[in-house]
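Colleague: Below you will find the structure I want to go over with you.
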Amino acid sequence: MPPAKRKPKPADSAIERGASKPRPATSRPKTPHQLKPRQSKPRDALKPRAERAQEDNPDDRLKEDKARQAKPSVGESPPEKTPADAAPEAIGHAGSPPPETAEPGPALSPEEAERARKKYLLRRFWISGRGYWGLRGDKLAWPLTIGLLALICVNVGFQYGINRWNRAIFDAIEQRDAHTVYWLSAIFLPLVAGSISLVVAQVYLRMTMQRRWRSWLTTAVIQRWLASGRYYQLNLVKGDHANPEARLTEDLRIATESPVDFIAGVLNAFLSASTFIVVLWTIGGALSFTLGGSTITVPGFLVVTAVIYAAITSTSMFAIGRRFVQLSEAKNQAEAEFRYVLTRVRENGESIALLGGEEEENAGIERTFAGVLGRWARLTGQHMRTTLVSQGSSLFAPVVPVLLCAPKFLDGSMSLGQVMQAASAFALVQGAFGWLVDNYPRLADWNASAHRIASLMMSLDGLERAETNDTLGRIQRGETEDGAMLSLNNLSVTLDDGTSVVKETEVEIEPGERVLVSGESGSGKSTLVRAIAGLWPWGSGSVDFHPGKRLFMLPQRPYIPSGTLRRATAYPAAADNWKTKEIAAALDKVGLGYLKDRLEEEAPWDQTLSGGEKQRLAFARLLLHAPDIVVLDEATSALDEKSQDKMMRTVIEQLPKVTIISVAHRAELEAFHTRKITLERRQGGARLVSDVELVSRRKKRGLLQRALWGGGANGGKG
């Protein structure tokens with residue numbers, strides 16, 4: 001057997017982790033998932049945060065998209081339209097994450113640490129959320145905000161006008177002044193029309209602001225979530241970021257809708273309370289009464305009563321609803337878990353059906369749903385108690401001022417109009433003071449949702465810090481210097497907690513080589529592939545590529561997007577990048593010619609195609625994209641041996657210059673590779689233990705293959 005190209009490092013190598021020679025941190029090879037613009041390339045991780053933020057300007061990315069659409073490169077397609085193309089407000093930018101961490105101090109008790117964490121979560125939400133009103137925010141954010149605040153102020157003026165109208169109409173009725181009654185009746189309609197118009201305009205501005213803020217922040221968070229494979233890396237790290245799809249939908253909706261409602265409500269309550277407290281003080285004056293032979297005078301008795309009344313109801317609400325936030329968080333998390341369980345059943349329906357696992361799945365769904373119902377039951381008790389306070393307050397509020405004003409009306413010191421004006425003003429003041437009473441449940445829901453979306457932001461912060469921080473170690477990515485297609489230089493792959501998976505690997509692969517990576521299960525082969533692809537960031541050493549080359553990944557379970565078969569075949573590029581006959585020819589070459597008449601058919605292809613057909617479809621994508629480097633991660637595991645051999649021969653014949661890196665267990669694949677490297681699991685991380693040529697074995701296999709099957713053997717359907 002010929003000698004190995006590069007000897008594997010001995011297990012007791014004296015070279016320390018991260019001691020690889022300095023290499024320029026340049027961009028990684030283009031991959032098909034980069035057909036759409038991505039926020040960060042590996043070289044960006046070494047740039048200052050401010051510089052990267054400037055380069056990540058969404059407007060600049062849109063300009064680049066248009067330029068690429070005008071002249072796409074080979075194998076690339078113009079980016080598909082995004083919601084941002086239809087709605088300018090959909091462009092979001094979350095800004096730089098905070099540099100400080102959210103870890104509580106060790107001296108804090110568990111309860112204090114939890115309170116500190118939740119306090120930080122609210123702050124973290126606002127760090128990103130307030131960017132909507134910043135330089136990179138929505139251009140209509142401030143006009144909408146100022147317009148809404150102005151309408152609230154004007155509407156309070158109309159409320160005061162209607163309050164004055166109440167006094168005038170009842171005074172006229174008391175005096176039996178028909179002319180004044182008719183005249184006041186005539187001006188009532190314009191007052192009401194004006195007030196209604198203002199309220200409708202408020203609703204429009206408020207909901208428009210909520211929609212645009214949600215669109216801006218959702219786009220910003222999703223951009224960070226998708227950048228650099230973070231949506232995948234979140235599955236590999238610890239943290240409170242489970243069910244991100246629920247956080248990005250329902251939680252983010254509540255987190256952006258409620259603050260606008262709260263600010264509008266607080267401003268309206270403050271202005272109403274300020275205005276009508278003056279009214280109550282002016283109309284009510286002082287109340288004198290005799291107690292124990294002494295005369296007691298209470299100045300502004302209606303105002304004092306309103307304040308005491310509001311204090312009682314608000315204190316009662318705080319005492320009764322103190323666990324509202326905790327229960328709302330638990331309920332939202334249970335709902336998200338329930339949706340996730342149902343989604344898992346739908347996505348894995350075929351496997352469940354083939355195994356007959358419906359009963360077990362139903363039991364799991366029932367357990368999850370029981371948790372939802374249990375949390376709802378506890379939340380129901382909270383709602384009952386808060387409703388008791390709010391409903392009682394709403395019934396007493398209109399009656400209290402009438403009873404308080406009755407003595408003055410009976411002794412003639414207050415007119416009927418003044419009594420009715422005082423009652424109306426008291427109700428408005430009480431409504432303003434009791435705003436928290438009525439909105440505490442919604443405040444609790446917002447608190448819970450803001451915590452959940454902020455927890456996701458914090459996890460993304462941690463991944464983003466890891467891209468520029470060497471605390472845990474980061475695999476560097478650069479360009480080869482000697483013409484090699486790929487080189488792994490003292491590469492160690494670790495978990496996010498520092499546990500080593502693959503240790504100090506040295507490999508150099510020349511253009512056109514076909515390398516088979518083998519090893520027992522759990523030896524780190526797939527982890528090594530993820531590190532090569534840039535999806536696994538933790539470790540040391542470097543992964544260097546030939547400059548300007550494109551990488552294509554074929555995983556064991558190919559992703560089949562929704563839509564037409566044409567789109568599924570062309571993915572991740574646009575379906576119209578290739579002519580119909582080109583896509584049909586690719587399907588013919590991989591043994592899926594019987595599907596070429598269904599290219600424009602929309603169907604649940606992910607559920608319709610078998611495992612073997614999906615892998616064949618992935619090879620059709622490979623032929624269409626014609627990359628420079630392809631990584632096959634158990635990409636033929638669902639095919640029989642004859643189909644596997646045909647697939648590999650097809651790739652070699654159609655793409656003779658492609659560099660192949662295969663991860664597989666089947667020994668038969670050695671016949672289609674020129675080189676084999678073997679990983680062995682050891683304590684402290686897997687090691688590369690052999691690196692041998694396979695040319696002689698491949699030739700021997702070829703002779704045997706022709707003797708058994710003939711030169712043109714075709715594989716069956718997978």
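Convention: chains lettered A, B, ... in structure tokens order; per-chain residue numbering from 1; ligands numbered from 1 as shown.
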Report as JSON, numbers by chain: the residues of range 332-555 of chain A with a DSSP assignment of alpha helix (DSSP H), based on the backbone of this structure.

Modeller: {"A": [332, 333, 334, 335, 336, 337, 338, 339, 340, 341, 342, 343, 344, 345, 346, 347, 349, 350, 351, 352, 353, 354, 355, 358, 359, 360, 361, 362, 363, 364, 365, 366, 367, 368, 369, 370, 371, 372, 373, 374, 375, 376, 377, 378, 379, 380, 381, 382, 383, 384, 385, 386, 387, 388, 389, 390, 391, 392, 393, 394, 395, 396, 399, 400, 401, 402, 403, 404, 405, 406, 407, 408, 409, 410, 416, 417, 418, 419, 420, 421, 422, 423, 424, 425, 426, 427, 428, 429, 430, 431, 432, 433, 435, 436, 437, 438, 439, 440, 441, 442, 443, 444, 445, 446, 447, 448, 449, 450, 451, 452, 453, 454, 455, 456, 457, 458, 459, 460, 461, 462, 463, 464, 465, 466, 467, 468, 525, 526, 527, 528, 529, 530, 531, 532, 533]}

Colleague: Neighbouring residues of range 251-254 of chain A were defined as those with any atom within 6 Å, considering only C-alpha atoms; residues of the same chain fewer than 4 positions away were excluded. Please report them as a PyMOL selection string.

Modeller: chain A and resi 247+258+446+449

Colleague: Residues of the last selection are to be written out with C-alpha atoms, as a PDB file, in the first residue's frame.

Modeller:
```pdb
ATOM      1  CA  ARG A 247     -40.998  33.141  20.730  1.00  0.00           C
ATOM      2  CA  SER A 258     -48.592  45.703  24.626  1.00  0.00           C
ATOM      3  CA  TRP A 446     -46.370  41.236  28.253  1.00  0.00           C
ATOM      4  CA  SER A 449     -43.550  37.356  26.556  1.00  0.00           C
TER       5      SER A 449
END
```

Colleague: May I ask for the distance between CA of Leu491 in chain A and CA of Val515 in chain A, given in Å to one decimal place?

Modeller: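 Pair CA of Leu491 in chain A / CA of Val515 in chain A returns 17.3 Å.
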
Colleague: Tell me which protein, DNA and RNA residues are within 9 Å of range 409-421 of chain A, counting only C-alpha atoms, leaving out same-chain ones fewer than 3 positions away, and put them as a list of chain:residue names.

Modeller: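 Listing them by chain and then by number gives A:Asn163, A:Arg164, A:Trp165, A:Asn166, A:Arg167, A:Ala168, A:Ile169, A:Phe170, A:Asp171, A:Ala172, A:Ile173, A:Glu174, A:Val279, A:Leu280, A:Ile283, A:Gly284, A:Pro401, A:Val402, A:Cys405, A:Ala406, A:Ser424, A:Ala425, A:Phe426.
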
Colleague: Write out as a list in words which residues come within 10 Å of Ser487 in chain A when counting only C-alpha atoms, dropping same-chain ones fewer than 2 positions away.

Modeller: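 With the cut-off at 10 Å, the set is Gly478, Glu479, Thr480, Glu481, Asp482, Gly483, Ala484, Met485, Asn489, Asn490, Leu491, Thr505, Glu506, Val507, Glu508, Ile509, Glu510, Ile532, Ser542, Val543, Asp544, Phe545 and His546 of chain A.
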
Colleague: Using only C-alpha atoms, which of A:Phe276, A:Ala533, A:Ala141, A:Gln333 sits nearest Glu250 in chain A?

Modeller: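 Closest to Glu250 in chain A of all the choices is A:Gln333.
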
Colleague: When distances are computed from only C-alpha atoms, which of A:Glu680, A:Asp606, A:Asp438, A:Glu582 shows the smallest separation from Gly524 in chain A?

Modeller: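 With only C-alpha atoms as the atom set, the closest residue is A:Glu680.
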
Colleague: One decimal, in Å: what's the spacing between CA of Tyr309 in chain A and CA of Thr387 in chain A?

Modeller: 16.7 Å

Colleague: Which residue gives the smallest distance to Trp142 in chain A among A:Val517, A:Ile312, A:Leu632, A:Trp213, with only C-alpha atoms counted?

Modeller: A:Trp213

Colleague: Given the choices A:His625, A:Arg550, A:Ala310, A:Gly147, which gets closest to Ala575 in chain A if the distance is worked out from only C-alpha atoms?

Modeller: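 Answer, going by the shortest atom-to-atom distance: A:His625.
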
Colleague: Between CA of Leu554 in chain A and CA of Val630 in chain A, what is the distance, to one decimal in Å?

Modeller: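 Taking CA of Leu554 in chain A as the start and CA of Val630 in chain A as the end point, the length is 7.4 Å.
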